[in-house]
>>> print(open('entry36.tsv').read())   # TSV, C-alpha atoms
chain	number	residue	atom	x	y	z
D	426	MET	CA	0.00	0.00	0.00
D	427	THR	CA	1.03	3.62	-0.40
D	428	ILE	CA	0.57	6.11	2.42
D	429	ASN	CA	0.73	9.85	1.80
D	430	VAL	CA	1.95	11.60	4.93
D	431	LEU	CA	1.45	15.32	5.53
D	432	ILE	CA	4.23	16.89	7.59
D	433	PHE	CA	3.90	19.90	9.87
D	434	GLY	CA	6.05	22.11	12.08
D	435	MET	CA	9.68	21.28	12.75
D	436	ALA	CA	9.19	17.83	11.18
D	437	LYS	CA	9.15	19.54	7.75
D	438	ASP	CA	12.74	20.67	8.29
D	439	LEU	CA	13.79	17.29	9.66
D	440	MET	CA	12.27	15.37	6.75
D	441	GLY	CA	12.95	17.87	3.98
D	442	GLY	CA	9.43	18.66	2.84
D	443	HIS	CA	5.76	19.00	3.63
D	444	GLN	CA	4.61	15.63	2.28
D	445	VAL	CA	6.05	12.16	1.57
D	446	SER	CA	4.67	9.00	0.02
D	447	LEU	CA	5.68	5.69	1.55
D	448	LYS	CA	5.29	2.22	0.10
D	449	ILE	CA	4.48	-0.21	2.91
D	450	ASP	CA	3.99	-3.96	2.67
D	451	GLY	CA	0.53	-5.17	3.59
D	452	ASP	CA	-2.85	-3.49	3.63
D	453	SER	CA	-2.59	-1.67	6.97
D	454	VAL	CA	-0.09	-0.52	9.59
D	455	TYR	CA	-0.34	0.59	13.22
D	456	PRO	CA	0.71	4.17	14.08
D	457	GLU	CA	3.67	2.98	16.19
D	458	GLU	CA	4.88	0.86	13.27
D	459	LEU	CA	4.58	3.87	10.96
D	460	LYS	CA	6.59	5.97	13.43
D	461	GLN	CA	9.41	3.42	13.34
D	462	ILE	CA	9.32	3.27	9.53
D	463	LEU	CA	9.52	7.06	9.36
D	464	ILE	CA	12.40	7.27	11.87
D	465	THR	CA	14.30	4.58	9.98
D	466	LYS	CA	13.82	6.39	6.68
D	467	TYR	CA	14.35	9.89	8.15
D	468	PRO	CA	16.78	9.49	11.10
D	469	ARG	CA	16.71	13.22	11.93
D	470	LEU	CA	13.05	12.73	12.89
D	471	GLN	CA	14.33	11.29	16.18
D	472	GLU	CA	14.88	14.90	17.23
D	473	ALA	CA	11.06	15.08	17.46
D	474	SER	CA	10.64	11.48	18.62
D	475	ASN	CA	7.48	12.22	20.58
D	476	PHE	CA	5.58	13.36	17.48
D	477	MET	CA	1.96	12.34	17.12
D	478	ILE	CA	0.27	10.65	14.20
D	479	ALA	CA	-3.12	11.95	13.08
D	480	VAL	CA	-5.30	9.75	10.90
D	481	ASN	CA	-8.25	11.28	9.10
D	482	LYS	CA	-7.81	14.53	11.09
D	483	GLU	CA	-7.90	12.84	14.52
D	484	TYR	CA	-5.02	11.93	16.80
D	485	SER	CA	-4.53	8.21	16.42
D	486	MET	CA	-4.20	5.70	19.19
D	487	ASN	CA	-2.07	2.66	18.48
D	488	GLU	CA	-5.12	0.36	18.31
D	489	ALA	CA	-6.39	1.97	15.09
D	490	LYS	CA	-4.77	0.68	11.92
D	491	ILE	CA	-3.83	3.02	9.10
D	492	LYS	CA	-5.23	1.90	5.76
D	493	ASP	CA	-4.41	2.83	2.17
D	494	SER	CA	-7.09	5.49	1.79
D	495	ASP	CA	-6.47	7.24	5.13
D	496	GLU	CA	-5.14	10.78	5.42
D	497	VAL	CA	-2.07	10.68	7.67
D	498	ALA	CA	-0.26	13.62	9.26
D	499	ILE	CA	2.78	14.03	11.49
D	500	ILE	CA	2.18	16.48	14.30
D	501	PRO	CA	5.42	17.36	16.11
D	502	PRO	CA	5.41	18.62	19.69
D	503	THR	CA	4.70	22.31	20.13
D	504	ASN	CA	5.91	24.75	22.74
D	505	GLY	CA	3.23	26.34	24.83
D	506	GLY	CA	3.39	29.57	26.71
>>> encode(input="entry36.tsv", output="structure tokens")
Amino acid sequence: MTINVLIFGMAKDLMGGHQVSLKIDGDSVYPEELKQILITKYPRLQEASNFMIAVNKEYSMNEAKIKDSDEVAIIPPTNGG
């Protein structure tokens, strides 16, 4: 399957763009698995290792699988004030 990942905040600088497409074996993947795939492919992403994954505009818990047609986004931590 192919997953299109939207990238926000500091993660854009760490990954070199605002969107990537990933080919992943199988027909679904858990968010934690996707995080590991992304960190392996983009090692600098470890600098924001506590980033969140949003699926279909909602923060995703690890129980929900990401499927081919889902909209996926990386949401890095933000500083509050």
>>> closest_residue(input="entry36.tsv", among="D:Met486, D:Val454, D:Ile491, D:Met440", to="Leu470 in chain D", atoms="all atoms listed in the file")
D:Met440
>>> residues_around(input="entry36.tsv", residues="Val497 in chain D", least_positions_apart="3", cutoff="6 Å", atoms="all atoms listed in the file", output="list in words")
Val430, Ala479 and Val480 of chain D
>>> atom_distance(input="entry36.tsv", atom1="CA of Asp452 in chain D", atom2="CA of Lys492 in chain D")
6.3 Å
>>> atom_distance(input="entry36.tsv", atom1="CA of Ile500 in chain D", atom2="CA of Glu483 in chain D")
10.7 Å
>>> closest_residue(input="entry36.tsv", among="D:Lys482, D:Lys460, D:Arg469, D:Lys490", to="Leu447 in chain D", atoms="all atoms listed in the file")
D:Lys460
>>> residues_near_point(input="entry36.tsv", point="(9.0, 3.5, 5.8)", cutoff="7 Å", atoms="only C-alpha atoms", output="ChimeraX atom specification")
/D:447-449,459,462-463,465-466
>>> closest_residue(input="entry36.tsv", among="D:Asp438, D:Val445, D:Glu457, D:Thr427", to="Glu488 in chain D", atoms="only C-alpha atoms")
D:Glu457
>>> closest_residue(input="entry36.tsv", among="D:Ile499, D:Leu431, D:Gln471, D:Ala489", to="His443 in chain D", atoms="all atoms listed in the file")
D:Leu431
>>> closest_residue(input="entry36.tsv", among="D:Gly441, D:Asn429, D:Asp450, D:Tyr467", to="Asn481 in chain D", atoms="all atoms listed in the file")
D:Asn429
>>> decode(input="entry36.tsv", residues="range 447-467 of chain D", atoms="N, CA and C atoms", output="mmCIF file, in the first residue's frame")
data_model
loop_
_atom_site.group_PDB
_atom_site.id
_atom_site.type_symbol
_atom_site.label_atom_id
_atom_site.label_comp_id
_atom_site.auth_asym_id
_atom_site.auth_seq_id
_atom_site.Cartn_x
_atom_site.Cartn_y
_atom_site.Cartn_z
ATOM 1 N N LEU D 447 4.953 6.883 1.117
ATOM 2 C CA LEU D 447 5.675 5.691 1.554
ATOM 3 C C LEU D 447 5.000 4.443 1.026
ATOM 4 N N LYS D 448 5.787 3.536 0.490
ATOM 5 C CA LYS D 448 5.291 2.217 0.105
ATOM 6 C C LYS D 448 5.500 1.306 1.302
ATOM 7 N N ILE D 449 4.426 0.673 1.747
ATOM 8 C CA ILE D 449 4.482 -0.206 2.907
ATOM 9 C C ILE D 449 3.867 -1.543 2.529
ATOM 10 N N ASP D 450 4.523 -2.621 2.924
ATOM 11 C CA ASP D 450 3.992 -3.961 2.670
ATOM 12 C C ASP D 450 2.705 -4.164 3.470
ATOM 13 N N GLY D 451 1.775 -4.872 2.905
ATOM 14 C CA GLY D 451 0.528 -5.174 3.586
ATOM 15 C C GLY D 451 -0.562 -4.173 3.245
ATOM 16 N N ASP D 452 -1.717 -4.362 3.913
ATOM 17 C CA ASP D 452 -2.848 -3.492 3.625
ATOM 18 C C ASP D 452 -3.190 -2.551 4.778
ATOM 19 N N SER D 453 -2.391 -2.594 5.860
ATOM 20 C CA SER D 453 -2.586 -1.669 6.970
ATOM 21 C C SER D 453 -1.334 -1.667 7.837
ATOM 22 N N VAL D 454 -1.233 -0.645 8.697
ATOM 23 C CA VAL D 454 -0.089 -0.517 9.594
ATOM 24 C C VAL D 454 -0.564 0.233 10.838
ATOM 25 N N TYR D 455 -0.026 -0.134 11.987
ATOM 26 C CA TYR D 455 -0.345 0.587 13.219
ATOM 27 C C TYR D 455 0.477 1.875 13.289
ATOM 28 N N PRO D 456 -0.032 2.909 13.968
ATOM 29 C CA PRO D 456 0.706 4.169 14.080
ATOM 30 C C PRO D 456 2.123 4.008 14.630
ATOM 31 N N GLU D 457 2.319 3.178 15.636
ATOM 32 C CA GLU D 457 3.665 2.984 16.188
ATOM 33 C C GLU D 457 4.599 2.354 15.154
ATOM 34 N N GLU D 458 4.073 1.450 14.346
ATOM 35 C CA GLU D 458 4.880 0.862 13.272
ATOM 36 C C GLU D 458 5.254 1.934 12.255
ATOM 37 N N LEU D 459 4.304 2.795 11.912
ATOM 38 C CA LEU D 459 4.580 3.869 10.964
ATOM 39 C C LEU D 459 5.644 4.811 11.520
ATOM 40 N N LYS D 460 5.575 5.116 12.812
ATOM 41 C CA LYS D 460 6.590 5.970 13.428
ATOM 42 C C LYS D 460 7.984 5.367 13.241
ATOM 43 N N GLN D 461 8.106 4.068 13.488
ATOM 44 C CA GLN D 461 9.408 3.416 13.342
ATOM 45 C C GLN D 461 9.882 3.416 11.890
ATOM 46 N N ILE D 462 8.980 3.213 10.956
ATOM 47 C CA ILE D 462 9.325 3.266 9.534
ATOM 48 C C ILE D 462 9.836 4.654 9.173
ATOM 49 N N LEU D 463 9.128 5.683 9.653
ATOM 50 C CA LEU D 463 9.523 7.060 9.355
ATOM 51 C C LEU D 463 10.879 7.399 9.974
ATOM 52 N N ILE D 464 11.121 6.990 11.212
ATOM 53 C CA ILE D 464 12.399 7.274 11.869
ATOM 54 C C ILE D 464 13.536 6.539 11.179
ATOM 55 N N THR D 465 13.275 5.324 10.713
ATOM 56 C CA THR D 465 14.304 4.578 9.983
ATOM 57 C C THR D 465 14.636 5.274 8.670
ATOM 58 N N LYS D 466 13.613 5.736 7.970
ATOM 59 C CA LYS D 466 13.820 6.394 6.678
ATOM 60 C C LYS D 466 14.347 7.817 6.828
ATOM 61 N N TYR D 467 13.945 8.505 7.889
ATOM 62 C CA TYR D 467 14.354 9.887 8.152
ATOM 63 C C TYR D 467 14.931 9.970 9.563
#
